[in-house]
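Structure file target-v2.cif (mmCIF, C-alpha atoms) follows.
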```cif
data_target
#
loop_
_atom_site.group_PDB
_atom_site.id
_atom_site.type_symbol
_atom_site.label_atom_id
_atom_site.label_comp_id
_atom_site.auth_asym_id
_atom_site.auth_seq_id
_atom_site.Cartn_x
_atom_site.Cartn_y
_atom_site.Cartn_z
ATOM 1 C CA MET A 205 282.318 -61.926 116.886
ATOM 2 C CA ARG A 206 282.787 -58.429 115.445
ATOM 3 C CA ARG A 207 285.494 -59.676 113.079
ATOM 4 C CA GLY A 208 283.149 -62.419 111.863
ATOM 5 C CA GLU A 209 280.428 -59.843 111.179
ATOM 6 C CA ARG A 210 282.825 -57.719 109.135
ATOM 7 C CA ALA A 211 283.977 -60.743 107.131
ATOM 8 C CA LEU A 212 280.384 -61.782 106.491
ATOM 9 C CA THR A 213 279.518 -58.264 105.334
ATOM 10 C CA TRP A 214 282.415 -58.182 102.906
ATOM 11 C CA TRP A 215 281.592 -61.597 101.476
ATOM 12 C CA ILE A 216 278.001 -60.466 100.936
ATOM 13 C CA ARG A 217 279.218 -57.361 99.095
ATOM 14 C CA ILE A 218 281.542 -59.460 96.948
ATOM 15 C CA GLY A 219 278.716 -61.900 96.206
ATOM 16 C CA VAL A 220 276.361 -59.134 95.112
ATOM 17 C CA ALA A 221 279.058 -57.663 92.871
ATOM 18 C CA LEU A 222 279.813 -61.054 91.300
ATOM 19 C CA LEU A 223 276.126 -61.778 90.793
ATOM 20 C CA LEU A 224 275.589 -58.485 88.988
ATOM 21 C CA LEU A 225 278.806 -58.811 86.986
ATOM 22 C CA VAL A 226 278.279 -62.398 85.826
ATOM 23 C CA SER A 227 274.534 -62.224 85.261
ATOM 24 C CA ALA A 228 273.867 -58.643 84.255
ATOM 25 C CA GLY A 229 277.263 -57.902 82.715
ATOM 26 C CA PRO A 230 276.490 -59.413 79.287
ATOM 27 C CA VAL A 231 273.147 -57.574 79.174
ATOM 28 C CA VAL A 232 274.774 -54.231 79.937
ATOM 29 C CA SER A 233 277.512 -54.901 77.384
ATOM 30 C CA ALA A 234 274.965 -55.778 74.677
ATOM 31 C CA LEU A 235 272.921 -52.698 75.578
ATOM 32 C CA LEU A 236 275.952 -50.434 75.187
ATOM 33 C CA ARG A 237 276.733 -52.007 71.809
ATOM 34 C CA GLY A 238 273.133 -51.617 70.674
ATOM 35 C CA GLU A 239 272.754 -55.378 70.275
ATOM 36 C CA LEU A 240 270.351 -56.094 73.133
ATOM 37 C CA GLY A 241 267.820 -57.764 70.839
ATOM 38 C CA ALA A 242 270.459 -60.199 69.585
ATOM 39 C CA LEU A 243 271.454 -61.403 73.062
ATOM 40 C CA GLY A 244 270.352 -64.990 73.574
ATOM 41 C CA ASP A 245 269.571 -67.952 71.344
ATOM 42 C CA ALA A 246 265.942 -68.616 70.494
ATOM 43 C CA GLY A 247 266.965 -71.680 68.477
ATOM 44 C CA ALA A 248 268.600 -73.449 71.412
ATOM 45 C CA GLU A 249 266.904 -76.454 72.974
ATOM 46 C CA PRO A 250 264.649 -75.323 75.841
ATOM 47 C CA GLY A 251 266.066 -76.064 79.267
ATOM 48 C CA PHE A 252 262.984 -77.952 80.430
ATOM 49 C CA THR A 253 263.826 -80.767 77.996
ATOM 50 C CA ALA A 254 266.721 -81.666 80.308
ATOM 51 C CA TYR A 255 264.081 -82.984 82.724
ATOM 52 C CA ALA A 256 262.371 -85.150 80.067
ATOM 53 C CA PRO A 257 258.786 -83.898 80.473
ATOM 54 C CA ASP A 258 257.925 -85.076 76.939
ATOM 55 C CA GLU A 259 259.477 -88.526 77.258
ATOM 56 C CA GLU A 260 256.770 -91.205 77.360
ATOM 57 C CA ASN A 261 259.032 -94.032 78.527
ATOM 58 C CA TRP A 262 259.540 -93.907 82.296
ATOM 59 C CA LEU A 263 262.972 -95.591 82.284
ATOM 60 C CA THR A 264 264.291 -93.275 79.588
ATOM 61 C CA ALA A 265 262.923 -90.234 81.434
ATOM 62 C CA ALA A 266 264.516 -91.434 84.685
ATOM 63 C CA GLY A 267 267.888 -91.789 82.956
ATOM 64 C CA ILE A 268 267.697 -88.281 81.505
ATOM 65 C CA ARG A 269 266.724 -86.814 84.869
ATOM 66 C CA LEU A 270 269.572 -88.699 86.550
ATOM 67 C CA ARG A 271 272.129 -87.208 84.156
ATOM 68 C CA THR A 272 270.585 -83.775 84.608
ATOM 69 C CA GLY A 273 270.692 -84.120 88.402
ATOM 70 C CA LEU A 274 274.359 -85.095 88.364
ATOM 71 C CA PHE A 275 275.195 -82.157 86.101
ATOM 72 C CA VAL A 276 273.275 -79.673 88.251
ATOM 73 C CA THR A 277 274.818 -81.004 91.465
ATOM 74 C CA PHE A 278 278.450 -81.259 90.429
ATOM 75 C CA ALA A 279 278.783 -78.647 87.666
ATOM 76 C CA ALA A 280 276.012 -76.062 87.515
ATOM 77 C CA ALA A 281 275.646 -75.519 91.266
ATOM 78 C CA PRO A 282 279.379 -74.861 91.890
ATOM 79 C CA LEU A 283 279.461 -72.466 88.932
ATOM 80 C CA THR A 284 276.468 -70.637 90.369
ATOM 81 C CA LEU A 285 278.308 -70.203 93.655
ATOM 82 C CA VAL A 286 281.386 -68.907 91.866
ATOM 83 C CA GLY A 287 279.156 -66.374 90.131
ATOM 84 C CA GLY A 288 277.932 -64.964 93.436
ATOM 85 C CA GLY A 289 274.934 -67.234 93.965
ATOM 86 C CA TYR A 290 276.144 -67.913 97.500
ATOM 87 C CA VAL A 291 275.088 -64.418 98.545
ATOM 88 C CA LEU A 292 271.576 -65.626 99.396
ATOM 89 C CA PHE A 293 273.026 -68.208 101.775
ATOM 90 C CA LEU A 294 275.135 -65.559 103.469
ATOM 91 C CA LEU A 295 272.129 -63.274 103.839
ATOM 92 C CA GLY A 296 270.360 -66.196 105.475
ATOM 93 C CA PHE A 297 273.286 -66.610 107.872
ATOM 94 C CA ARG A 298 273.156 -62.913 108.696
ATOM 95 C CA ALA A 299 269.410 -63.059 109.338
ATOM 96 C CA ALA A 300 269.791 -66.154 111.501
ATOM 97 C CA ARG A 301 272.553 -64.612 113.605
ATOM 98 C CA ARG A 302 270.395 -61.571 114.265
ATOM 99 C CA ARG A 303 267.237 -63.674 114.745
ATOM 100 C CA VAL A 304 265.387 -61.578 112.185
ATOM 101 C CA LEU A 305 262.798 -64.234 111.393
ATOM 102 C CA GLU A 306 262.589 -65.638 114.915
ATOM 103 C CA GLU A 307 261.917 -62.189 116.384
ATOM 104 C CA PRO A 308 260.239 -60.177 113.596
ATOM 105 C CA GLY A 309 258.783 -57.688 116.058
ATOM 106 C CA ARG A 310 262.260 -56.353 116.794
ATOM 107 C CA HIS A 311 263.135 -56.022 113.093
ATOM 108 C CA ARG A 312 259.937 -54.659 111.591
ATOM 109 C CA THR A 313 261.637 -51.705 109.878
ATOM 110 C CA LEU A 314 264.175 -53.940 108.166
ATOM 111 C CA LEU A 315 261.520 -56.469 107.182
ATOM 112 C CA ARG A 316 259.179 -53.809 105.797
ATOM 113 C CA LEU A 317 261.959 -52.235 103.742
ATOM 114 C CA THR A 318 263.038 -55.640 102.433
ATOM 115 C CA ALA A 319 259.477 -56.634 101.588
ATOM 116 C CA VAL A 320 258.609 -53.417 99.744
ATOM 117 C CA LEU A 321 261.873 -53.011 97.832
ATOM 118 C CA GLY A 322 262.436 -56.718 97.167
ATOM 119 C CA ILE A 323 258.965 -57.445 95.810
ATOM 120 C CA ALA A 324 258.897 -54.199 93.800
ATOM 121 C CA ILE A 325 262.272 -54.968 92.186
ATOM 122 C CA GLY A 326 261.256 -58.553 91.467
ATOM 123 C CA TRP A 327 257.912 -57.652 89.915
ATOM 124 C CA LEU A 328 259.315 -54.818 87.822
ATOM 125 C CA GLY A 329 262.166 -57.019 86.634
ATOM 126 C CA ALA A 330 259.783 -59.788 85.587
ATOM 127 C CA LEU A 331 257.219 -57.459 83.996
ATOM 128 C CA PRO A 332 258.929 -57.142 80.556
ATOM 129 C CA ALA A 333 259.236 -60.942 80.264
ATOM 130 C CA ALA A 334 255.600 -61.377 81.296
ATOM 131 C CA LEU A 335 254.400 -58.795 78.776
ATOM 132 C CA ALA A 336 256.457 -60.418 76.030
ATOM 133 C CA HIS A 337 255.123 -63.856 76.962
ATOM 134 C CA THR A 338 251.520 -62.693 76.707
ATOM 135 C CA GLY A 339 252.120 -60.848 73.435
ATOM 136 C CA VAL A 340 251.572 -57.359 74.817
ATOM 137 C CA LEU A 341 255.236 -56.463 74.284
ATOM 138 C CA HIS A 342 256.755 -57.412 70.933
ATOM 139 C CA VAL A 343 260.501 -58.118 71.156
ATOM 140 C CA PRO A 344 262.951 -60.302 69.202
ATOM 141 C CA ASP A 345 262.743 -64.015 69.963
ATOM 142 C CA ASP A 346 266.347 -64.054 71.165
ATOM 143 C CA MET A 347 265.477 -61.643 73.974
ATOM 144 C CA GLN A 348 262.875 -64.098 75.301
ATOM 145 C CA SER A 349 265.126 -67.153 75.132
ATOM 146 C CA GLU A 350 266.644 -68.722 78.234
ATOM 147 C CA SER A 351 269.847 -66.719 77.794
ATOM 148 C CA GLY A 352 268.087 -63.600 76.521
ATOM 149 C CA ALA A 353 268.046 -60.193 78.149
ATOM 150 C CA LEU A 354 264.499 -60.412 79.498
ATOM 151 C CA THR A 355 265.146 -63.792 81.120
ATOM 152 C CA VAL A 356 268.384 -62.601 82.700
ATOM 153 C CA LEU A 357 266.640 -59.509 84.035
ATOM 154 C CA ARG A 358 263.832 -61.633 85.478
ATOM 155 C CA ASP A 359 266.244 -64.088 87.133
ATOM 156 C CA VAL A 360 268.511 -61.459 88.687
ATOM 157 C CA THR A 361 265.687 -59.384 90.108
ATOM 158 C CA GLY A 362 263.933 -62.556 91.197
ATOM 159 C CA ASN A 363 266.536 -62.936 93.944
ATOM 160 C CA ALA A 364 265.347 -59.666 95.443
ATOM 161 C CA ALA A 365 261.731 -60.800 95.161
ATOM 162 C CA GLY A 366 262.542 -63.986 97.051
ATOM 163 C CA LEU A 367 263.956 -62.004 99.942
ATOM 164 C CA GLY A 368 260.926 -59.709 99.816
ATOM 165 C CA TYR A 369 258.496 -62.611 100.035
ATOM 166 C CA VAL A 370 260.303 -64.051 103.050
ATOM 167 C CA ALA A 371 260.164 -60.678 104.780
ATOM 168 C CA ALA A 372 256.469 -60.255 103.932
ATOM 169 C CA VAL A 373 255.622 -63.681 105.324
ATOM 170 C CA ALA A 374 257.534 -62.922 108.521
ATOM 171 C CA LEU A 375 255.636 -59.645 108.961
ATOM 172 C CA PHE A 376 252.300 -61.332 108.312
ATOM 173 C CA ALA A 377 253.061 -64.111 110.785
ATOM 174 C CA HIS A 378 254.022 -61.551 113.426
ATOM 175 C CA TRP A 379 250.829 -59.551 112.836
ATOM 176 C CA TRP A 380 248.659 -62.655 112.876
ATOM 177 C CA THR A 381 250.055 -64.027 116.119
ATOM 178 C CA THR A 382 249.983 -60.700 117.961
ATOM 179 C CA ARG A 383 246.689 -59.233 116.718
ATOM 180 C CA ARG A 384 244.643 -62.384 116.287
ATOM 181 C CA PRO A 385 245.983 -64.908 118.786
ATOM 182 C CA ARG A 386 242.861 -67.063 118.792
ATOM 183 C CA ARG A 387 241.744 -66.864 115.181
ATOM 184 C CA GLY A 388 243.294 -69.071 112.569
ATOM 185 C CA ALA A 389 245.330 -71.053 115.090
ATOM 186 C CA THR A 390 244.776 -74.239 113.101
ATOM 187 C CA ALA A 391 245.937 -72.633 109.847
ATOM 188 C CA VAL A 392 249.080 -71.282 111.493
ATOM 189 C CA ALA A 393 249.809 -74.675 113.070
ATOM 190 C CA ALA A 394 249.319 -76.400 109.711
ATOM 191 C CA VAL A 395 251.728 -74.083 107.877
ATOM 192 C CA THR A 396 254.206 -74.395 110.749
ATOM 193 C CA ALA A 397 253.990 -78.166 110.396
ATOM 194 C CA VAL A 398 255.048 -77.803 106.765
ATOM 195 C CA GLY A 399 258.111 -75.830 107.840
ATOM 196 C CA LYS A 400 259.089 -78.563 110.282
ATOM 197 C CA ARG A 401 258.850 -81.120 107.465
ATOM 198 C CA SER A 402 260.089 -78.970 104.596
ATOM 199 C CA LEU A 403 262.190 -81.705 102.973
ATOM 200 C CA SER A 404 259.349 -84.230 103.023
ATOM 201 C CA CYS A 405 256.907 -81.675 101.610
ATOM 202 C CA TYR A 406 259.370 -80.637 98.927
ATOM 203 C CA LEU A 407 259.816 -84.237 97.797
ATOM 204 C CA ALA A 408 256.072 -84.838 98.018
ATOM 205 C CA HIS A 409 255.565 -82.062 95.484
ATOM 206 C CA SER A 410 257.604 -84.003 92.932
ATOM 207 C CA LEU A 411 255.788 -87.235 93.733
ATOM 208 C CA LEU A 412 252.466 -85.504 93.104
ATOM 209 C CA PHE A 413 253.486 -83.356 90.144
ATOM 210 C CA ALA A 414 255.483 -85.782 88.022
ATOM 211 C CA PRO A 415 252.994 -88.676 87.524
ATOM 212 C CA VAL A 416 250.205 -86.241 86.687
ATOM 213 C CA LEU A 417 252.033 -83.762 84.451
ATOM 214 C CA ALA A 418 254.840 -85.720 82.765
ATOM 215 C CA ALA A 419 254.340 -87.532 79.463
ATOM 216 C CA TRP A 420 255.212 -90.915 81.029
ATOM 217 C CA GLY A 421 252.321 -90.399 83.460
ATOM 218 C CA LEU A 422 248.954 -88.849 82.731
ATOM 219 C CA GLY A 423 250.560 -86.151 80.564
ATOM 220 C CA LEU A 424 248.257 -83.369 81.724
ATOM 221 C CA GLY A 425 251.101 -80.842 81.652
ATOM 222 C CA ALA A 426 250.664 -80.468 77.898
ATOM 223 C CA HIS A 427 247.017 -79.487 78.313
ATOM 224 C CA LEU A 428 247.067 -77.125 81.306
ATOM 225 C CA GLY A 429 247.357 -73.376 80.844
ATOM 226 C CA SER A 430 248.886 -70.855 83.226
ATOM 227 C CA ALA A 431 245.714 -70.448 85.310
ATOM 228 C CA THR A 432 244.871 -74.145 85.561
ATOM 229 C CA MET A 433 248.487 -74.988 86.329
ATOM 230 C CA ALA A 434 248.456 -72.453 89.161
ATOM 231 C CA LEU A 435 245.295 -74.033 90.560
ATOM 232 C CA PHE A 436 246.838 -77.483 90.335
ATOM 233 C CA ALA A 437 249.971 -76.251 92.115
ATOM 234 C CA LEU A 438 247.827 -74.738 94.868
ATOM 235 C CA ALA A 439 245.949 -78.023 95.250
ATOM 236 C CA VAL A 440 249.234 -79.950 95.547
ATOM 237 C CA TRP A 441 250.464 -77.536 98.201
ATOM 238 C CA LEU A 442 247.237 -77.884 100.185
ATOM 239 C CA VAL A 443 247.610 -81.671 100.091
ATOM 240 C CA THR A 444 251.115 -81.400 101.553
ATOM 241 C CA VAL A 445 249.841 -78.981 104.206
ATOM 242 C CA ALA A 446 247.134 -81.440 105.216
ATOM 243 C CA GLY A 447 249.644 -84.295 105.342
ATOM 244 C CA ALA A 448 252.140 -82.313 107.407
ATOM 245 C CA TYR A 449 249.428 -81.226 109.834
ATOM 246 C CA ALA A 450 248.268 -84.830 110.227
ATOM 247 C CA LEU A 451 251.836 -85.862 111.098
ATOM 248 C CA GLU A 452 252.088 -82.951 113.536
ATOM 249 C CA ARG A 453 248.937 -84.013 115.352
ATOM 250 C CA ALA A 454 250.237 -87.579 115.497
ATOM 251 C CA GLY A 455 253.557 -86.369 116.929
ATOM 252 C CA ARG A 456 255.596 -87.800 114.039
ATOM 253 C CA ARG A 457 258.397 -86.304 111.962
ATOM 254 C CA GLY A 458 258.343 -86.238 108.193
ATOM 255 C CA PRO A 459 259.638 -89.448 106.549
ATOM 256 C CA ALA A 460 262.446 -87.642 104.727
ATOM 257 C CA GLU A 461 263.560 -85.948 107.947
ATOM 258 C CA VAL A 462 263.595 -89.300 109.742
ATOM 259 C CA LEU A 463 265.680 -90.861 106.973
ATOM 260 C CA LEU A 464 268.097 -87.935 106.935
ATOM 261 C CA ARG A 465 268.618 -88.147 110.697
ATOM 262 C CA ARG A 466 269.294 -91.860 110.466
ATOM 263 C CA LEU A 467 271.830 -91.333 107.697
ATOM 264 C CA MET A 468 273.548 -88.576 109.664
ATOM 265 C CA TYR A 469 273.393 -89.974 113.201
ATOM 266 C CA GLY A 470 272.728 -93.694 112.756
ATOM 267 C CA SER A 471 269.856 -95.653 114.218
ATOM 268 C CA ARG A 472 270.246 -94.203 117.712
ATOM 269 C CA ARG A 473 267.621 -91.690 118.752
ATOM 270 C CA THR A 474 268.809 -88.078 119.053
#
```
As structure tokens, what does this structure read like?
Amino acid sequence: MRRGERALTWWIRIGVALLLLVSAGPVVSALLRGELGALGDAGAEPGFTAYAPDEENWLTAAGIRLRTGLFVTFAAAPLTLVGGGYVLFLLGFRAARRRVLEEPGRHRTLLRLTAVLGIAIGWLGALPAALAHTGVLHVPDDMQSESGALTVLRDVTGNAAGLGYVAAVALFAHWWTTRRPRRGATAVAAVTAVGKRSLSCYLAHSLLFAPVLAAWGLGLGAHLGSATMALFALAVWLVTVAGAYALERAGRRGPAEVLLRRLMYGSRRT
């Protein structure tokens, strides 16, 4: 057990080092050469086109998304792991072994530190990109491109923000259940129901987003701004919460979870 903990710790350290080296290395190198503004390619095709949001023909869009999915699954994802992307999985393993999220009351110091530092790092790392996007900060177009310095900074620090959000949610859930055991019980049960059916809710998001936003559907994505898109996303999430809670009250699993269990274990009940 102790040897496994040491191995896990070392693999986490190696993953963090690889993540910083592969992702932040080019930015640091360009900064030292005084060429930070030239890092990136503003003329490259935007990455979102790989998911065919502007394609009006459904069959053509489906074919593009299929090719993109195969590339992400069999090429991009393994390369991400080689570059240290697996470190988040290992941190999840470490948290699970220590029951950090299951017993947040015993790990409040760790969770508070993770929440404060993680969210602060994530927000500060994304701030330059946000200011450039809104026109407050004027930088070369290359810096704002998908491979530019501001995007790399946002993506790397975003990993820390993700951990911070998880820690913050765990702390809030612990406070809510211990200080207000009778208030908001329905809301807590509804959000818990989403967690039990996470795969179904995740897929439901796509089923609700794509026909409304994509060009082959209603095409509203081209007309929504940042604020209206955020409201639409919130509405979609609330719909999935309501659906998951309805399934919870009926004592039924999510459809995707049922299908996955059947594929893994066959038709027998487990």
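Here the question is which of A:Ala265, A:Ala242, A:Leu212, A:Ala254 gets nearest to Leu354 of chain A using all atoms listed in the file, and that residue is A:Ala242.
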Distance criterion (only C-alpha atoms): nearest to Arg456 of chain A out of A:His342, A:Leu428, A:Lys400, A:Leu417: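 Answer, going by the shortest atom-to-atom distance: A:Lys400.
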Quick one: residues within 8 Å of segment 223-239 of chain A, all atoms listed in the file, excluding same-chain residues fewer than 2 positions away - as a list in words?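 Listing them by chain and then by number gives Gly219, Val220, Ala221, Gly241, Ala242, Leu243, Gly287, Gly288, Gly289, Ala353, Val356, Leu357 and Val360 of chain A.
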Give the answer as one residue: which of A:Leu321, A:Leu412, A:Ala418, A:Ala336 has the shortest atom-to-atom distance to Phe436 of chain A, using all atoms listed in the file? A:Leu412
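Picked out by the PyMOL selection byres ((chain A and resi 372) around 9) when it runs on this file: A:Leu315, A:Arg316, A:Thr318, A:Ala319, A:Val320, A:Ile323, A:Leu367, A:Gly368, A:Tyr369, A:Val370, A:Ala371, A:Val373, A:Ala374, A:Leu375, A:Phe376, A:Ala377.
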Go through the shown structure with the PyMOL selection byres ((chain A and resi 297-301) around 12) and write out the matching residues as a ChimeraX atom specification. /A:205,208-216,290-296,302-308,311,314-315,318,367,370-371,374
Given the PyMOL selection byres ((chain A and resi 404) around 9) and the file above, list the residues it selects as a ChimeraX atom specification. /A:398,401-403,405-409,444,448,458-461
Which residue, A:Asp245, A:Phe278, A:Arg457, A:Leu438, has the smallest gap to Glu350 of chain A when you use all atoms listed in the file? A:Asp245
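Atom CA of Leu451 of chain A to atom CA of Ala397 of chain A spans 8.0 Å [interatomic distance, one decimal].
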Length of the atom CA of Ala391 of chain A to atom CA of Ala446 of chain A vector [Å]: 10.0 Å
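Closest approach to Val440 of chain A from the set A:Val340, A:Val416, A:Leu328, A:Asp359 is made by A:Val416, with distances taken over all atoms listed in the file.
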Please list as number ranges by chain every residue within 12 Å of Thr253 of chain A, counting only C-alpha atoms and excluding residues in the same chain fewer than 2 positions away. A: 248-251, 255-259, 265, 268-269, 272, 418-419
d(atom CA of Leu240 of chain A, atom CA of Gln348 of chain A) in Å: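 We find that atom CA of Leu240 of chain A and atom CA of Gln348 of chain A lie 11.2 Å from each other.
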Rank A:Met433, A:Leu222, A:Leu467, A:Met347 by their smallest atom-to-atom distance to Leu283 of chain A, using all atoms listed in the file, and report the top residue only. A:Leu222
Build an axis-aligned box that encloses every atom of segment 236-245 of chain A listed in the file, pad it by 3 Å on each side, and report its centre and edge lengths in Å to one decimal, as lines of an AutoDock Vina configuration file.
```
center_x = 272.3
center_y = -59.2
center_z = 72.4
size_x = 14.9
size_y = 23.5
size_z = 11.6
```
